[in-house]
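Undergrad: My structure file protein26.csv, CSV, C-alpha atoms, is below:
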chain,number,residue,atom,x,y,z
A,1,MET,CA,0.0,0.0,0.0
A,2,ALA,CA,1.4,3.4,-1.0
A,3,SER,CA,1.7,6.0,1.7
A,4,LEU,CA,1.3,9.7,1.0
A,5,SER,CA,2.6,12.8,2.6
A,6,PHE,CA,2.6,16.4,1.3
A,7,LEU,CA,4.6,19.5,1.8
A,8,SER,CA,2.7,22.1,3.8
A,9,PRO,CA,0.8,24.5,1.6
A,10,PRO,CA,2.0,28.0,1.1
A,11,SER,CA,0.7,30.6,3.6
A,12,SER,CA,-2.1,33.0,2.7
A,13,SER,CA,0.4,35.9,2.6
A,14,SER,CA,2.7,34.1,0.3
A,15,LEU,CA,-0.2,33.1,-2.0
A,16,SER,CA,-1.3,36.7,-2.1
A,17,SER,CA,2.1,38.0,-3.1
A,18,LEU,CA,2.2,35.5,-5.9
A,19,HIS,CA,-1.3,36.2,-7.2
A,20,ASN,CA,-0.4,38.2,-10.3
A,21,THR,CA,2.7,36.3,-11.4
A,22,ALA,CA,3.0,33.6,-14.1
A,23,PRO,CA,2.0,30.1,-12.9
A,24,SER,CA,4.7,27.8,-11.7
A,25,TYR,CA,4.5,24.0,-12.2
A,26,SER,CA,4.9,21.6,-9.2
A,27,ARG,CA,6.0,18.0,-9.2
A,28,LEU,CA,5.8,15.4,-6.4
A,29,PHE,CA,6.8,11.7,-6.7
A,30,LEU,CA,4.8,8.9,-5.2
A,31,ARG,CA,6.8,5.7,-4.5
A,32,THR,CA,5.9,2.5,-2.8
A,33,PRO,CA,5.8,2.1,0.2
A,34,SER,CA,6.9,5.7,1.1
A,35,LEU,CA,6.7,9.1,-0.4
A,36,ASN,CA,9.9,11.1,-1.1
A,37,LEU,CA,9.6,14.7,-2.0
A,38,ARG,CA,12.6,16.0,-4.0
A,39,ALA,CA,11.5,19.4,-5.3
A,40,PRO,CA,12.1,23.1,-4.5
A,41,THR,CA,9.5,25.2,-2.7
A,42,LYS,CA,6.2,25.6,-4.6
A,43,ILE,CA,7.0,22.5,-6.7
A,44,PHE,CA,4.8,19.5,-6.0
A,45,SER,CA,4.9,16.4,-8.2
A,46,LEU,CA,3.4,13.0,-7.5
A,47,LYS,CA,3.8,10.0,-9.7
A,48,ALA,CA,3.0,6.4,-9.0
A,49,GLN,CA,5.8,3.8,-9.6
A,50,SER,CA,5.1,0.1,-9.1
A,51,ALA,CA,1.9,1.0,-7.3
A,52,PRO,CA,-1.8,0.1,-8.0
A,53,VAL,CA,-3.4,2.6,-10.3
A,54,LEU,CA,-5.7,4.9,-8.3
A,55,THR,CA,-9.3,5.5,-9.4
A,56,GLN,CA,-10.4,8.9,-10.5
A,57,ASP,CA,-12.4,9.3,-7.3
A,58,ASP,CA,-9.3,8.3,-5.3
A,59,LEU,CA,-7.3,11.0,-7.0
A,60,LYS,CA,-10.1,13.6,-6.5
A,61,LYS,CA,-10.1,12.8,-2.8
A,62,ILE,CA,-6.3,13.1,-2.6
A,63,ALA,CA,-6.4,16.4,-4.4
A,64,ALA,CA,-9.3,17.6,-2.2
A,65,ASP,CA,-7.4,16.7,0.9
A,66,LYS,CA,-4.4,18.6,-0.4
A,67,ALA,CA,-6.6,21.7,-1.0
A,68,VAL,CA,-8.1,21.5,2.6
A,69,GLU,CA,-4.5,21.8,3.9
A,70,TYR,CA,-4.8,25.5,2.9
A,71,VAL,CA,-7.7,25.9,5.4
A,72,LYS,CA,-7.0,27.3,8.9
A,73,SER,CA,-9.2,27.6,11.9
A,74,GLY,CA,-11.2,30.7,12.1
A,75,MET,CA,-11.5,31.2,8.3
A,76,VAL,CA,-14.5,32.1,6.3
A,77,LEU,CA,-14.6,29.7,3.3
A,78,GLY,CA,-16.2,29.7,-0.1
A,79,LEU,CA,-17.6,26.2,-0.6
A,80,GLY,CA,-17.6,25.1,-4.3
A,81,THR,CA,-20.0,22.9,-6.3
A,82,GLY,CA,-19.4,19.7,-8.1
A,83,SER,CA,-18.0,16.2,-7.6
A,84,THR,CA,-14.5,17.2,-6.5
A,85,ALA,CA,-15.8,20.1,-4.3
A,86,ALA,CA,-18.0,17.6,-2.6
A,87,PHE,CA,-14.9,15.8,-1.3
A,88,VAL,CA,-13.6,19.1,0.0
A,89,VAL,CA,-16.8,19.7,1.9
A,90,ALA,CA,-16.8,16.1,3.3
A,91,LYS,CA,-13.2,16.6,4.5
A,92,LEU,CA,-14.0,19.9,6.2
A,93,GLY,CA,-16.9,18.2,8.0
A,94,GLU,CA,-14.6,15.5,9.2
A,95,LEU,CA,-12.0,17.9,10.5
A,96,LEU,CA,-14.6,20.0,12.3
A,97,LYS,CA,-16.0,16.8,13.9
A,98,THR,CA,-12.6,15.8,15.2
A,99,GLY,CA,-11.8,19.3,16.4
A,100,GLU,CA,-8.8,19.6,14.1
A,101,LEU,CA,-10.5,22.7,12.6
A,102,THR,CA,-12.6,25.1,14.6
A,103,ASN,CA,-14.6,28.3,14.1
A,104,ILE,CA,-15.0,27.7,10.3
A,105,ILE,CA,-17.8,29.5,8.5
A,106,GLY,CA,-18.8,28.3,5.0
A,107,VAL,CA,-20.4,30.3,2.2
A,108,PRO,CA,-21.9,27.7,-0.2
A,109,THR,CA,-22.1,28.3,-4.0
A,110,SER,CA,-25.2,26.2,-4.6
A,111,LYS,CA,-28.2,24.7,-2.9
A,112,ARG,CA,-26.8,21.2,-3.2
A,113,THR,CA,-23.5,22.3,-1.5
A,114,GLU,CA,-25.6,24.0,1.2
A,115,GLU,CA,-27.5,20.8,1.8
A,116,GLN,CA,-24.3,18.7,2.0
A,117,ALA,CA,-22.6,21.2,4.4
A,118,ARG,CA,-25.6,21.4,6.7
A,119,SER,CA,-25.7,17.6,6.9
A,120,LEU,CA,-22.1,17.7,8.1
A,121,ASN,CA,-22.9,20.4,10.7
A,122,ILE,CA,-20.6,23.0,8.9
A,123,PRO,CA,-21.7,26.5,10.0
A,124,LEU,CA,-23.0,28.5,7.0
A,125,SER,CA,-23.5,32.1,6.0
A,126,ILE,CA,-24.0,34.2,3.0
A,127,LEU,CA,-22.2,37.1,1.3
A,128,ASP,CA,-24.6,39.6,2.7
A,129,ASP,CA,-23.3,38.7,6.2
A,130,HIS,CA,-19.8,37.8,5.3
A,131,PRO,CA,-18.7,39.9,2.3
A,132,HIS,CA,-15.0,39.1,2.9
A,133,ILE,CA,-14.0,35.5,2.3
A,134,ASP,CA,-10.5,34.2,3.3
A,135,LEU,CA,-10.3,31.2,0.9
A,136,ALA,CA,-12.6,29.6,-1.7
A,137,ILE,CA,-12.1,26.0,-2.9
A,138,ASP,CA,-13.9,24.8,-6.0
A,139,GLY,CA,-13.6,22.6,-9.1
A,140,ALA,CA,-13.1,23.7,-12.8
A,141,ASP,CA,-14.2,22.4,-16.2
A,142,GLU,CA,-11.2,23.8,-18.1
A,143,VAL,CA,-7.8,25.1,-17.0
A,144,ASP,CA,-5.5,26.9,-19.4
A,145,PRO,CA,-1.7,27.4,-19.0
A,146,LEU,CA,-2.2,30.8,-17.2
A,147,LEU,CA,-4.7,29.2,-14.8
A,148,ASN,CA,-7.7,30.9,-16.4
A,149,LEU,CA,-10.8,28.7,-16.1
A,150,VAL,CA,-14.1,27.6,-17.6
A,151,LYS,CA,-16.6,26.8,-14.9
A,152,GLY,CA,-20.3,26.3,-14.5
A,153,ARG,CA,-21.1,23.0,-16.3
A,154,GLY,CA,-22.7,22.1,-12.9
A,155,GLY,CA,-25.0,25.1,-13.3
A,156,ALA,CA,-23.7,27.1,-10.4
A,157,LEU,CA,-21.5,29.7,-12.3
A,158,LEU,CA,-23.2,32.9,-11.0
A,159,ARG,CA,-22.9,32.0,-7.3
A,160,GLU,CA,-19.5,30.5,-7.8
A,161,LYS,CA,-18.2,33.7,-9.4
A,162,MET,CA,-19.7,36.0,-6.8
A,163,VAL,CA,-18.2,34.0,-3.9
A,164,GLU,CA,-14.8,33.4,-5.5
A,165,ALA,CA,-14.5,37.0,-6.6
A,166,ALA,CA,-15.0,38.0,-2.9
A,167,SER,CA,-12.2,35.6,-1.8
A,168,ASP,CA,-8.6,36.5,-0.9
A,169,GLU,CA,-7.4,33.2,-2.3
A,170,PHE,CA,-9.0,30.8,-4.7
A,171,VAL,CA,-7.8,27.2,-4.9
A,172,VAL,CA,-9.1,25.0,-7.7
A,173,VAL,CA,-9.2,21.2,-7.7
A,174,ALA,CA,-9.6,19.4,-11.1
A,175,ASP,CA,-8.5,16.3,-12.9
A,176,GLU,CA,-5.9,16.2,-15.7
A,177,THR,CA,-8.6,16.0,-18.4
A,178,LYS,CA,-9.5,19.6,-17.7
A,179,LEU,CA,-6.2,20.9,-18.9
A,180,VAL,CA,-6.5,22.8,-22.2
A,181,ASP,CA,-4.2,25.0,-24.4
A,182,GLY,CA,-7.0,27.6,-24.8
A,183,LEU,CA,-10.3,28.1,-23.2
A,184,GLY,CA,-13.1,26.3,-25.1
A,185,GLY,CA,-10.5,23.9,-26.3
A,186,SER,CA,-12.2,20.8,-24.8
A,187,LYS,CA,-15.1,21.3,-27.2
A,188,LEU,CA,-17.4,20.9,-24.2
A,189,ALA,CA,-19.9,23.4,-22.9
A,190,MET,CA,-18.9,26.9,-21.9
A,191,PRO,CA,-22.0,28.1,-20.0
A,192,VAL,CA,-23.8,31.4,-20.2
A,193,GLU,CA,-26.5,32.1,-17.7
A,194,VAL,CA,-29.4,34.1,-19.2
A,195,VAL,CA,-32.8,35.3,-18.1
A,196,GLN,CA,-35.7,33.2,-19.2
A,197,PHE,CA,-37.3,36.1,-21.0
A,198,CYS,CA,-36.5,35.8,-24.7
A,199,TRP,CA,-33.8,33.3,-24.1
A,200,LYS,CA,-33.7,32.3,-27.8
A,201,PHE,CA,-33.0,35.9,-28.8
A,202,ASN,CA,-29.8,35.7,-26.7
A,203,LEU,CA,-28.9,32.2,-27.9
A,204,VAL,CA,-28.9,33.4,-31.5
A,205,ARG,CA,-26.8,36.5,-30.5
A,206,LEU,CA,-24.3,34.4,-28.7
A,207,GLN,CA,-23.9,32.1,-31.6
A,208,GLU,CA,-23.4,35.0,-34.0
A,209,LEU,CA,-20.9,36.6,-31.6
A,210,PHE,CA,-18.5,33.6,-31.9
A,211,LYS,CA,-19.1,32.5,-35.5
A,212,ASP,CA,-15.4,32.7,-36.2
A,213,GLU,CA,-14.7,30.1,-33.5
A,214,GLY,CA,-17.3,27.8,-35.1
A,215,VAL,CA,-19.5,27.9,-32.0
A,216,GLU,CA,-22.8,26.0,-31.6
A,217,ALA,CA,-25.2,27.4,-29.0
A,218,LYS,CA,-27.6,25.1,-27.2
A,219,LEU,CA,-30.2,25.7,-24.5
A,220,ARG,CA,-29.4,23.4,-21.6
A,221,VAL,CA,-32.2,20.9,-20.8
A,222,SER,CA,-32.8,18.7,-17.8
A,223,GLU,CA,-33.3,14.9,-18.0
A,224,ASP,CA,-37.1,15.4,-18.4
A,225,GLY,CA,-36.4,17.5,-21.5
A,226,LYS,CA,-37.4,20.8,-19.9
A,227,PRO,CA,-35.1,23.8,-19.8
A,228,TYR,CA,-32.6,23.5,-17.0
A,229,VAL,CA,-33.3,26.2,-14.3
A,230,THR,CA,-30.5,27.5,-12.1
A,231,ASP,CA,-30.7,28.2,-8.4
A,232,ASN,CA,-31.3,31.8,-9.5
A,233,PHE,CA,-34.3,30.8,-11.7
A,234,ASN,CA,-32.4,31.5,-15.0
A,235,TYR,CA,-31.7,29.4,-18.0
A,236,ILE,CA,-28.2,28.4,-19.3
A,237,VAL,CA,-27.1,28.6,-22.9
A,238,ASP,CA,-24.1,26.3,-23.5
A,239,LEU,CA,-21.5,27.3,-26.1
A,240,TYR,CA,-19.6,24.6,-27.9
A,241,PHE,CA,-16.4,25.9,-29.6
A,242,GLU,CA,-14.9,24.2,-32.6
A,243,ASN,CA,-11.8,26.3,-32.0
A,244,PRO,CA,-10.5,27.8,-28.7
A,245,ILE,CA,-11.4,31.3,-27.7
A,246,LYS,CA,-8.8,33.7,-29.1
A,247,ASP,CA,-9.1,36.4,-26.4
A,248,GLY,CA,-10.9,35.3,-23.2
A,249,TYR,CA,-11.0,38.9,-21.7
A,250,ALA,CA,-12.5,40.3,-24.9
A,251,ALA,CA,-15.0,37.4,-25.2
A,252,GLY,CA,-16.1,37.9,-21.6
A,253,LYS,CA,-16.6,41.6,-22.1
A,254,GLU,CA,-18.7,41.0,-25.2
A,255,ILE,CA,-20.8,38.3,-23.6
A,256,SER,CA,-21.5,40.5,-20.5
A,257,GLY,CA,-22.5,43.4,-22.8
A,258,LEU,CA,-25.5,41.5,-24.1
A,259,GLU,CA,-28.8,42.5,-22.5
A,260,GLY,CA,-30.3,39.5,-20.7
A,261,VAL,CA,-27.0,37.8,-20.0
A,262,VAL,CA,-26.6,37.3,-16.3
A,263,GLU,CA,-23.1,35.7,-16.1
A,264,HIS,CA,-20.7,33.7,-18.2
A,265,GLY,CA,-18.4,30.7,-17.3
A,266,LEU,CA,-15.1,32.4,-18.0
A,267,PHE,CA,-13.2,32.8,-14.7
A,268,LEU,CA,-10.2,34.9,-15.7
A,269,ASP,CA,-7.2,35.7,-13.5
A,270,MET,CA,-9.1,34.4,-10.4
A,271,ALA,CA,-7.4,31.2,-9.4
A,272,THR,CA,-4.4,31.4,-7.0
A,273,ALA,CA,-3.5,27.7,-7.2
A,274,VAL,CA,-4.8,24.7,-9.2
A,275,ILE,CA,-4.5,21.2,-7.9
A,276,ILE,CA,-4.6,18.7,-10.8
A,277,ALA,CA,-5.5,15.1,-10.1
A,278,GLY,CA,-4.2,12.6,-12.7
A,279,LYS,CA,-4.0,8.9,-13.2
A,280,THR,CA,-0.5,8.8,-11.7
A,281,GLY,CA,-1.0,11.4,-8.9
A,282,VAL,CA,-1.6,15.1,-8.3
A,283,GLU,CA,0.2,18.2,-9.4
A,284,VAL,CA,-0.1,21.7,-8.0
A,285,LYS,CA,0.2,24.8,-10.2
A,286,SER,CA,0.4,28.2,-8.6
A,287,LYS,CA,0.9,31.8,-9.4
Translate this structure into structure tokens?

TA:
Amino acid sequence: MASLSFLSPPSSSSLSSLHNTAPSYSRLFLRTPSLNLRAPTKIFSLKAQSAPVLTQDDLKKIAADKAVEYVKSGMVLGLGTGSTAAFVVAKLGELLKTGELTNIIGVPTSKRTEEQARSLNIPLSILDDHPHIDLAIDGADEVDPLLNLVKGRGGALLREKMVEAASDEFVVVADETKLVDGLGGSKLAMPVEVVQFCWKFNLVRLQELFKDEGVEAKLRVSEDGKPYVTDNFNYIVDLYFENPIKDGYAAGKEISGLEGVVEHGLFLDMATAVIIAGKTGVEVKSK
């Protein structure tokens, strides 16, 4: 059985000082039966050698546990949404139960995260009462080399962006399939939340806006075939790009300029660190 150990995460102050610099890449090596770390500060690499292949859920849990190392007692935390974020919330509940963490307040980014946190007795609040958040931890759907993100395939993009924009530090947990050379490069959905009123009008405008990227715009529907409705009672138009977005900042500005658009899934220059779970281990990239 392989044993794991990790370097302590960088402090909040060191993360803040690095927020606007280019991302560095971290490597940690996993060996059986013990873990030897041979890397400079900020470099984490983890590779399995002669060890059983971990499942994707195993890796997500390892990465989530690594992200929780950034949490300190007394923090106000942004709680993300999605399968990986659920592992984070579960770990926080465990540490609160054992007393290893105390005085934590969570600000959830969706109703389902709120329900999970309440079931684990994690104290909760909202941005109205806690407008300053120390740290947010969440998943991502795409991560580019500069740690820009596409988020919101889980339908929580508006609340996620509000909470994470209010956070001093934002740590992202994702698996290696989420790495792309350019946003939109996975050819999977880049969501745009729109009001229900005349949603088709905005779907057509969004498709026209990105015709050079060969985009296809589709209204998101639920399993029952009805339009998917967000926690904020809006619809989602999913954009599927044939080619990556050329300029994420310009694209975000153009999308936001359309009347009836509530929010888009481009999370630009927001992540402080990204923890990537892969088939052979985890890797941490930080600014």

Undergrad: Select, counting only C-alpha atoms, all protein, DNA and RNA residues no farther than 8 Å from (-10.0, 29.6, 14.9) in file coordinates, and express the selection as JSON, numbers by chain.

TA: {"A": [72, 73, 74, 75, 101, 102, 103, 104]}

Undergrad: For a test of reading the model, state the distance in Å between atom CA of Leu158 of chain A and atom CA of Ile275 of chain A, rounded to one decimal.

TA: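 These two atoms are separated by 22.3 Å.
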
Undergrad: Which residue, A:Ser256, A:Asn232, A:Gln196, A:Asn202, has the smallest gap to Lys111 of chain A when you use all atoms listed in the file?

TA: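 Comparing A:Ser256, A:Asn232, A:Gln196, A:Asn202 against Lys111 of chain A, the winner is A:Asn232.
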
Undergrad: Find, counting all atoms listed in the file, the residue in A:Asp181, A:Glu94, A:Asp138, A:Glu115 that gets nearest to Ala156 of chain A.

TA: A:Asp138

Undergrad: Can you measure atom CA of Ile133 of chain A to atom CA of Ala189 of chain A for me? One decimal in Å is fine.

TA: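 Result for atom CA of Ile133 of chain A versus atom CA of Ala189 of chain A: 28.6 Å, one decimal.
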
Undergrad: Determine the axis-aligned bounding box of all atoms of segment 83-94 of chain A present in the file, pad each side by 6 Å, and express its centre and edge lengths in Å to one decimal place as AutoDock Vina command-line options.

TA:
--center_x -15.6 --center_y 17.8 --center_z 0.8 --size_x 16.8 --size_y 16.6 --size_z 28.8

Undergrad: Just to confirm, what's the straight-line distance from atom CA of Val150 of chain A to atom CA of Ala217 of chain A in Å (one decimal)?

TA: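 Taking atom CA of Val150 of chain A as the start and atom CA of Ala217 of chain A as the end point, the length is 15.9 Å.
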
Undergrad: Can you rebuild segment 210-221 of chain A with all heavy atoms and give it as a compact mmCIF listing (two decimals), keeping the file's coordinate frame?

TA:
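selection_31.txt written:
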# COMPACT_ATOMS: atom_id res chain seq x y z
N PHE A 210 -19.71 34.45 -31.80
CA PHE A 210 -18.50 33.60 -31.90
C PHE A 210 -18.54 32.74 -33.17
O PHE A 210 -18.02 31.62 -33.18
CB PHE A 210 -18.44 32.70 -30.66
CG PHE A 210 -18.22 33.45 -29.38
CD1 PHE A 210 -19.26 33.65 -28.50
CD2 PHE A 210 -16.97 33.98 -29.08
CE1 PHE A 210 -19.08 34.35 -27.32
CE2 PHE A 210 -16.77 34.68 -27.91
CZ PHE A 210 -17.82 34.87 -27.03
N LYS A 211 -19.07 33.28 -34.23
CA LYS A 211 -19.10 32.50 -35.50
C LYS A 211 -17.74 32.15 -36.00
O LYS A 211 -17.55 31.10 -36.62
CB LYS A 211 -19.94 33.24 -36.53
CG LYS A 211 -19.38 34.59 -36.95
CD LYS A 211 -20.29 35.27 -37.97
CE LYS A 211 -19.75 36.64 -38.39
NZ LYS A 211 -20.65 37.29 -39.38
N ASP A 212 -16.75 33.01 -35.76
CA ASP A 212 -15.40 32.70 -36.20
C ASP A 212 -14.77 31.54 -35.50
O ASP A 212 -13.87 30.89 -36.03
CB ASP A 212 -14.50 33.96 -36.05
CG ASP A 212 -14.86 35.09 -37.00
OD1 ASP A 212 -15.56 34.81 -38.00
OD2 ASP A 212 -14.46 36.24 -36.75
N GLU A 213 -15.23 31.27 -34.28
CA GLU A 213 -14.70 30.10 -33.50
C GLU A 213 -15.55 28.87 -33.81
O GLU A 213 -15.32 27.82 -33.22
CB GLU A 213 -14.76 30.42 -32.02
CG GLU A 213 -13.64 31.34 -31.53
CD GLU A 213 -13.96 32.81 -31.79
OE1 GLU A 213 -15.10 33.10 -32.20
OE2 GLU A 213 -13.08 33.65 -31.56
N GLY A 214 -16.51 28.98 -34.73
CA GLY A 214 -17.30 27.80 -35.10
C GLY A 214 -18.20 27.36 -33.93
O GLY A 214 -18.34 26.15 -33.71
N VAL A 215 -18.79 28.29 -33.19
CA VAL A 215 -19.50 27.90 -32.00
C VAL A 215 -20.92 27.40 -32.33
O VAL A 215 -21.55 27.81 -33.32
CB VAL A 215 -19.65 29.14 -31.04
CG1 VAL A 215 -20.70 30.14 -31.53
CG2 VAL A 215 -19.99 28.69 -29.63
N GLU A 216 -21.39 26.46 -31.51
CA GLU A 216 -22.80 26.00 -31.60
C GLU A 216 -23.40 26.31 -30.20
O GLU A 216 -22.85 25.92 -29.15
CB GLU A 216 -22.86 24.50 -31.84
CG GLU A 216 -24.28 23.99 -31.93
CD GLU A 216 -24.37 22.51 -32.25
OE1 GLU A 216 -23.32 21.84 -32.21
OE2 GLU A 216 -25.48 22.03 -32.53
N ALA A 217 -24.50 27.04 -30.20
CA ALA A 217 -25.20 27.40 -29.00
C ALA A 217 -26.39 26.54 -28.74
O ALA A 217 -27.20 26.35 -29.65
CB ALA A 217 -25.56 28.89 -29.01
N LYS A 218 -26.52 25.99 -27.52
CA LYS A 218 -27.60 25.10 -27.20
C LYS A 218 -28.22 25.50 -25.84
O LYS A 218 -27.47 25.78 -24.90
CB LYS A 218 -27.21 23.65 -27.15
CG LYS A 218 -26.72 23.07 -28.46
CD LYS A 218 -26.36 21.61 -28.28
CE LYS A 218 -25.87 20.96 -29.56
NZ LYS A 218 -25.52 19.53 -29.35
N LEU A 219 -29.54 25.49 -25.75
CA LEU A 219 -30.20 25.70 -24.50
C LEU A 219 -29.99 24.40 -23.64
O LEU A 219 -30.24 23.30 -24.12
CB LEU A 219 -31.67 25.95 -24.63
CG LEU A 219 -32.46 26.15 -23.33
CD1 LEU A 219 -32.07 27.46 -22.66
CD2 LEU A 219 -33.96 26.10 -23.60
N ARG A 220 -29.53 24.55 -22.40
CA ARG A 220 -29.40 23.40 -21.60
C ARG A 220 -30.73 22.85 -21.10
O ARG A 220 -31.59 23.63 -20.69
CB ARG A 220 -28.50 23.71 -20.33
CG ARG A 220 -28.19 22.49 -19.45
CD ARG A 220 -27.30 22.82 -18.28
NE ARG A 220 -25.99 23.32 -18.72
CZ ARG A 220 -24.97 23.51 -17.89
NH1 ARG A 220 -25.11 23.26 -16.60
NH2 ARG A 220 -23.83 23.97 -18.36
N VAL A 221 -30.90 21.55 -21.18
CA VAL A 221 -32.20 20.90 -20.80
C VAL A 221 -31.89 19.90 -19.68
O VAL A 221 -30.79 19.33 -19.59
CB VAL A 221 -32.92 20.28 -21.94
CG1 VAL A 221 -33.31 21.34 -22.96
CG2 VAL A 221 -32.06 19.20 -22.60
